[in-house]
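Written below as structure tokens is the structure these notes are about.
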Amino acid sequence: MDMKLEVVVVPVADVDRAKDFYTALGWRLDADVAGDGDFRVVQVTPPGSPASVIFGSSVTDQAPGSARGLHLIVDDIGAAHDDLARHGARPSDVFHDAGGVFHHAGADARVAGPDGSYGSFLSFSDPDGNGWLLQEVTTRLPGRLDPAATTFSSADDLASALRRAAAAHGEHEARTGGEDPDWPDWYARYLVSEQAGTAPPA
């Protein structure tokens with residue numbers, strides 16, 4: 001049975017302030033529904049994300065600002081840093097962990113600068129102090145995705161994948177010494193293998 005992570009609930013003190021913050025980042029506003037009494041549900045979705053974020057009044061008993069370790073995956077952490085900064089999120093500088101596997105809690109063991117796919121991070125917080133991290137993933141490790149399924153969360157995501165395929169195909173043609181008339185097939189195999197974490201076409 002499939003079990004898909006669909007929604008994460010984030011505890012906030014001021015619903016309108018949180019709504020303004022997240023929508024200013026370019027997150028899609030899916031719903032803002034008020035019920036009886038002070039019950040209110042706001043749902044937003046980060047660009048390209050299959051999962052959404054809910055906050056509001058009487059939707060959680062967690063203390064406002066207590067959410068930590070919420071991860072967003074990007075394929076260009078430098079561009080993501082600049083985009084967040086433009087929209088007022090005040091992101092940290094890009095960092096990697098001294099241990100090199102994931103990252104420690106809080107700001108422990110942070111080392112300045114990126115460290116490639118899976119190893120490059122930045123952090124930011126919403127106005128309540130809920131803590132978000134961005135992680136750069138450009139090439140999925142084997143077994144991290146269903147090899148039978150290839151999906152792209154947005155046109156920008158697909159465009160980035162096509163740029164990587166174009167660069168790799170240029171190297172392929174340099175190795176073979178000529179133009180590849182079957183480049184659409186090569187691109188398709190490359191895109192699938194990149195997501196599945198399998199060997200790319202030769």
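Chain labels follow the order of the structure tokens: the first chain is A, the next B, and so on; residue numbering restarts at 1 in every chain, and ligands are counted from 1 in their shown order.
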Using only C-alpha atoms, which residues sit within 12 Å of A:His103 once same-chain residues fewer than 2 positions away are excluded, as number ranges by chain?
A: 69, 71, 95-101, 105-111, 115, 118-123, 133-135
Do you know which residues are at most 10 Å from stretch 160-162 of chain A counting only C-alpha atoms, after dropping those on the same chain fewer than 3 positions away, and could you put them as a PyMOL selection string?
chain A and resi 75-76+138-139+152+154-157+165-168+187-188+190-191+194-195
So that each row is one residue of stretch 42-133 of chain A with an atom at most 9 Å from stretch 18-34 of chain A, can you give its shortest atom pair and the distance in Å to one decimal, using only C-alpha atoms, rows by chain and rising number, as JSON lines?
{"residue": "A:Val42", "atom": "CA", "partner": "A:Asp32", "partner_atom": "CA", "distance": 4.4}
{"residue": "A:Gln43", "atom": "CA", "partner": "A:Ala31", "partner_atom": "CA", "distance": 5.1}
{"residue": "A:Val44", "atom": "CA", "partner": "A:Leu29", "partner_atom": "CA", "distance": 4.6}
{"residue": "A:Thr45", "atom": "CA", "partner": "A:Arg28", "partner_atom": "CA", "distance": 5.1}
{"residue": "A:Pro46", "atom": "CA", "partner": "A:Trp27", "partner_atom": "CA", "distance": 4.5}
{"residue": "A:Pro47", "atom": "CA", "partner": "A:Trp27", "partner_atom": "CA", "distance": 5.8}
{"residue": "A:Ser52", "atom": "CA", "partner": "A:Asp30", "partner_atom": "CA", "distance": 8.8}
{"residue": "A:Phe55", "atom": "CA", "partner": "A:Ala18", "partner_atom": "CA", "distance": 8.1}
{"residue": "A:Gly56", "atom": "CA", "partner": "A:Asp32", "partner_atom": "CA", "distance": 8.7}
{"residue": "A:Ser57", "atom": "CA", "partner": "A:Ala34", "partner_atom": "CA", "distance": 8.9}
{"residue": "A:Asp83", "atom": "CA", "partner": "A:Leu25", "partner_atom": "CA", "distance": 8.2}
{"residue": "A:Leu84", "atom": "CA", "partner": "A:Leu25", "partner_atom": "CA", "distance": 6.8}
{"residue": "A:Arg86", "atom": "CA", "partner": "A:Leu25", "partner_atom": "CA", "distance": 8.8}
{"residue": "A:His87", "atom": "CA", "partner": "A:Leu25", "partner_atom": "CA", "distance": 5.6}
{"residue": "A:Gly88", "atom": "CA", "partner": "A:Leu25", "partner_atom": "CA", "distance": 7.8}
{"residue": "A:Ala89", "atom": "CA", "partner": "A:Leu25", "partner_atom": "CA", "distance": 7.6}
{"residue": "A:Asp126", "atom": "CA", "partner": "A:Phe21", "partner_atom": "CA", "distance": 7.1}
{"residue": "A:Pro127", "atom": "CA", "partner": "A:Ala18", "partner_atom": "CA", "distance": 6.8}
{"residue": "A:Asp128", "atom": "CA", "partner": "A:Ala18", "partner_atom": "CA", "distance": 7.9}
Those selected residues, please, written with N, CA, C and O atoms and delivered as a JSON list (two decimals), in the first residue's frame.
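Output (out_14.json):
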[["chain", "number", "residue", "atom", "x", "y", "z"],
["A", 42, "VAL", "N", -4.81, 27.07, 7.12],
["A", 42, "VAL", "CA", -4.17, 27.63, 5.93],
["A", 42, "VAL", "C", -3.23, 26.58, 5.38],
["A", 42, "VAL", "O", -2.43, 26.00, 6.13],
["A", 43, "GLN", "N", -3.32, 26.32, 4.08],
["A", 43, "GLN", "CA", -2.41, 25.37, 3.43],
["A", 43, "GLN", "C", -1.64, 26.07, 2.33],
["A", 43, "GLN", "O", -2.23, 26.76, 1.50],
["A", 44, "VAL", "N", -0.32, 25.88, 2.34],
["A", 44, "VAL", "CA", 0.56, 26.41, 1.30],
["A", 44, "VAL", "C", 1.44, 25.28, 0.79],
["A", 44, "VAL", "O", 1.67, 24.30, 1.50],
["A", 45, "THR", "N", 1.94, 25.44, -0.42],
["A", 45, "THR", "CA", 2.78, 24.40, -1.02],
["A", 45, "THR", "C", 4.02, 25.04, -1.64],
["A", 45, "THR", "O", 3.89, 25.95, -2.48],
["A", 46, "PRO", "N", 5.22, 24.59, -1.24],
["A", 46, "PRO", "CA", 6.44, 25.11, -1.88],
["A", 46, "PRO", "C", 6.45, 24.80, -3.37],
["A", 46, "PRO", "O", 5.90, 23.76, -3.79],
["A", 47, "PRO", "N", 7.07, 25.64, -4.19],
["A", 47, "PRO", "CA", 7.11, 25.39, -5.63],
["A", 47, "PRO", "C", 7.69, 24.02, -5.96],
["A", 47, "PRO", "O", 8.77, 23.66, -5.47],
["A", 52, "SER", "N", 2.50, 19.47, 1.10],
["A", 52, "SER", "CA", 2.10, 20.82, 1.47],
["A", 52, "SER", "C", 2.35, 21.07, 2.96],
["A", 52, "SER", "O", 2.66, 20.15, 3.72],
["A", 55, "PHE", "N", -0.81, 25.35, 8.55],
["A", 55, "PHE", "CA", -0.73, 26.04, 9.83],
["A", 55, "PHE", "C", -2.08, 26.72, 10.05],
["A", 55, "PHE", "O", -2.91, 26.76, 9.16],
["A", 56, "GLY", "N", -2.29, 27.23, 11.24],
["A", 56, "GLY", "CA", -3.55, 27.89, 11.51],
["A", 56, "GLY", "C", -3.81, 28.00, 12.99],
["A", 56, "GLY", "O", -2.89, 28.02, 13.80],
["A", 57, "SER", "N", -5.08, 28.07, 13.35],
["A", 57, "SER", "CA", -5.50, 28.15, 14.74],
["A", 57, "SER", "C", -6.19, 26.85, 15.12],
["A", 57, "SER", "O", -7.04, 26.34, 14.38],
["A", 83, "ASP", "N", 17.35, 33.48, -4.00],
["A", 83, "ASP", "CA", 15.91, 33.64, -4.12],
["A", 83, "ASP", "C", 15.27, 33.87, -2.75],
["A", 83, "ASP", "O", 14.43, 34.76, -2.59],
["A", 84, "LEU", "N", 15.68, 33.11, -1.75],
["A", 84, "LEU", "CA", 15.15, 33.30, -0.40],
["A", 84, "LEU", "C", 15.51, 34.69, 0.13],
["A", 84, "LEU", "O", 14.68, 35.36, 0.75],
["A", 86, "ARG", "N", 16.09, 37.41, -1.58],
["A", 86, "ARG", "CA", 15.29, 38.42, -2.29],
["A", 86, "ARG", "C", 13.90, 38.54, -1.71],
["A", 86, "ARG", "O", 13.29, 39.61, -1.74],
["A", 87, "HIS", "N", 13.37, 37.43, -1.17],
["A", 87, "HIS", "CA", 12.01, 37.42, -0.66],
["A", 87, "HIS", "C", 11.94, 37.58, 0.86],
["A", 87, "HIS", "O", 10.89, 37.34, 1.46],
["A", 88, "GLY", "N", 13.05, 37.98, 1.47],
["A", 88, "GLY", "CA", 13.03, 38.36, 2.87],
["A", 88, "GLY", "C", 13.15, 37.25, 3.88],
["A", 88, "GLY", "O", 12.85, 37.45, 5.07],
["A", 89, "ALA", "N", 13.61, 36.04, 3.47],
["A", 89, "ALA", "CA", 13.69, 34.92, 4.41],
["A", 89, "ALA", "C", 14.97, 34.91, 5.25],
["A", 89, "ALA", "O", 15.07, 34.16, 6.20],
["A", 126, "ASP", "N", 10.98, 30.76, 9.83],
["A", 126, "ASP", "CA", 9.83, 31.63, 9.62],
["A", 126, "ASP", "C", 9.72, 32.61, 10.78],
["A", 126, "ASP", "O", 10.53, 32.55, 11.73],
["A", 127, "PRO", "N", 8.78, 33.54, 10.77],
["A", 127, "PRO", "CA", 8.73, 34.55, 11.84],
["A", 127, "PRO", "C", 8.52, 33.97, 13.24],
["A", 127, "PRO", "O", 8.86, 34.63, 14.23],
["A", 128, "ASP", "N", 7.98, 32.75, 13.34],
["A", 128, "ASP", "CA", 7.80, 32.13, 14.65],
["A", 128, "ASP", "C", 9.04, 31.38, 15.12],
["A", 128, "ASP", "O", 9.12, 30.97, 16.28]]
Got a sec to tell me which of stretch 21-156 of chain A DSSP assigns to strand (DSSP E), as JSON, numbers by chain?
{"A": [28, 29, 30, 31, 32, 33, 34, 40, 41, 42, 43, 44, 45, 52, 53, 54, 55, 56, 57, 70, 71, 72, 73, 74, 95, 96, 97, 110, 111, 112, 121, 122, 123, 124, 125, 131, 132, 133, 134, 135, 136]}
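Across the model, the gap from atom CA of A:Ser49 to atom CA of A:Ala196 is 18.5 Å.
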Counting only C-alpha atoms, what is within 10 Å of stretch 172-174 of chain A, bar same-chain residues fewer than 3 positions away, as a short mmCIF file (atom, residue, chain, number, x, y, z; two decimals) with C-alpha atoms, in the first residue's frame?
data_model
loop_
_atom_site.label_atom_id
_atom_site.label_comp_id
_atom_site.auth_asym_id
_atom_site.auth_seq_id
_atom_site.Cartn_x
_atom_site.Cartn_y
_atom_site.Cartn_z
CA ALA A 166 22.74 18.28 -22.60
CA ALA A 167 26.09 18.75 -20.87
CA ALA A 168 26.55 15.00 -20.44
CA HIS A 169 25.51 14.38 -24.06
CA GLY A 177 33.82 11.89 -32.21
CA GLY A 178 30.57 12.68 -34.01
CA GLU A 179 27.00 13.81 -33.80
CA ASP A 180 24.53 11.39 -32.26
CA TRP A 183 20.10 11.96 -29.11
CA TRP A 186 20.11 9.07 -25.20
CA PRO A 201 24.10 5.60 -20.97
CA ALA A 202 27.57 5.16 -22.41
#
Run DSSP on the backbone of this structure and report the residues of stretch 52-164 of chain A it assigns to helix (DSSP H, G or I), as an NGL selection string.
:A and (77-86 or 155-164)
Length of the atom CA of A:Arg140 to atom CA of A:Gly197 vector [Å]:
5.2 Å
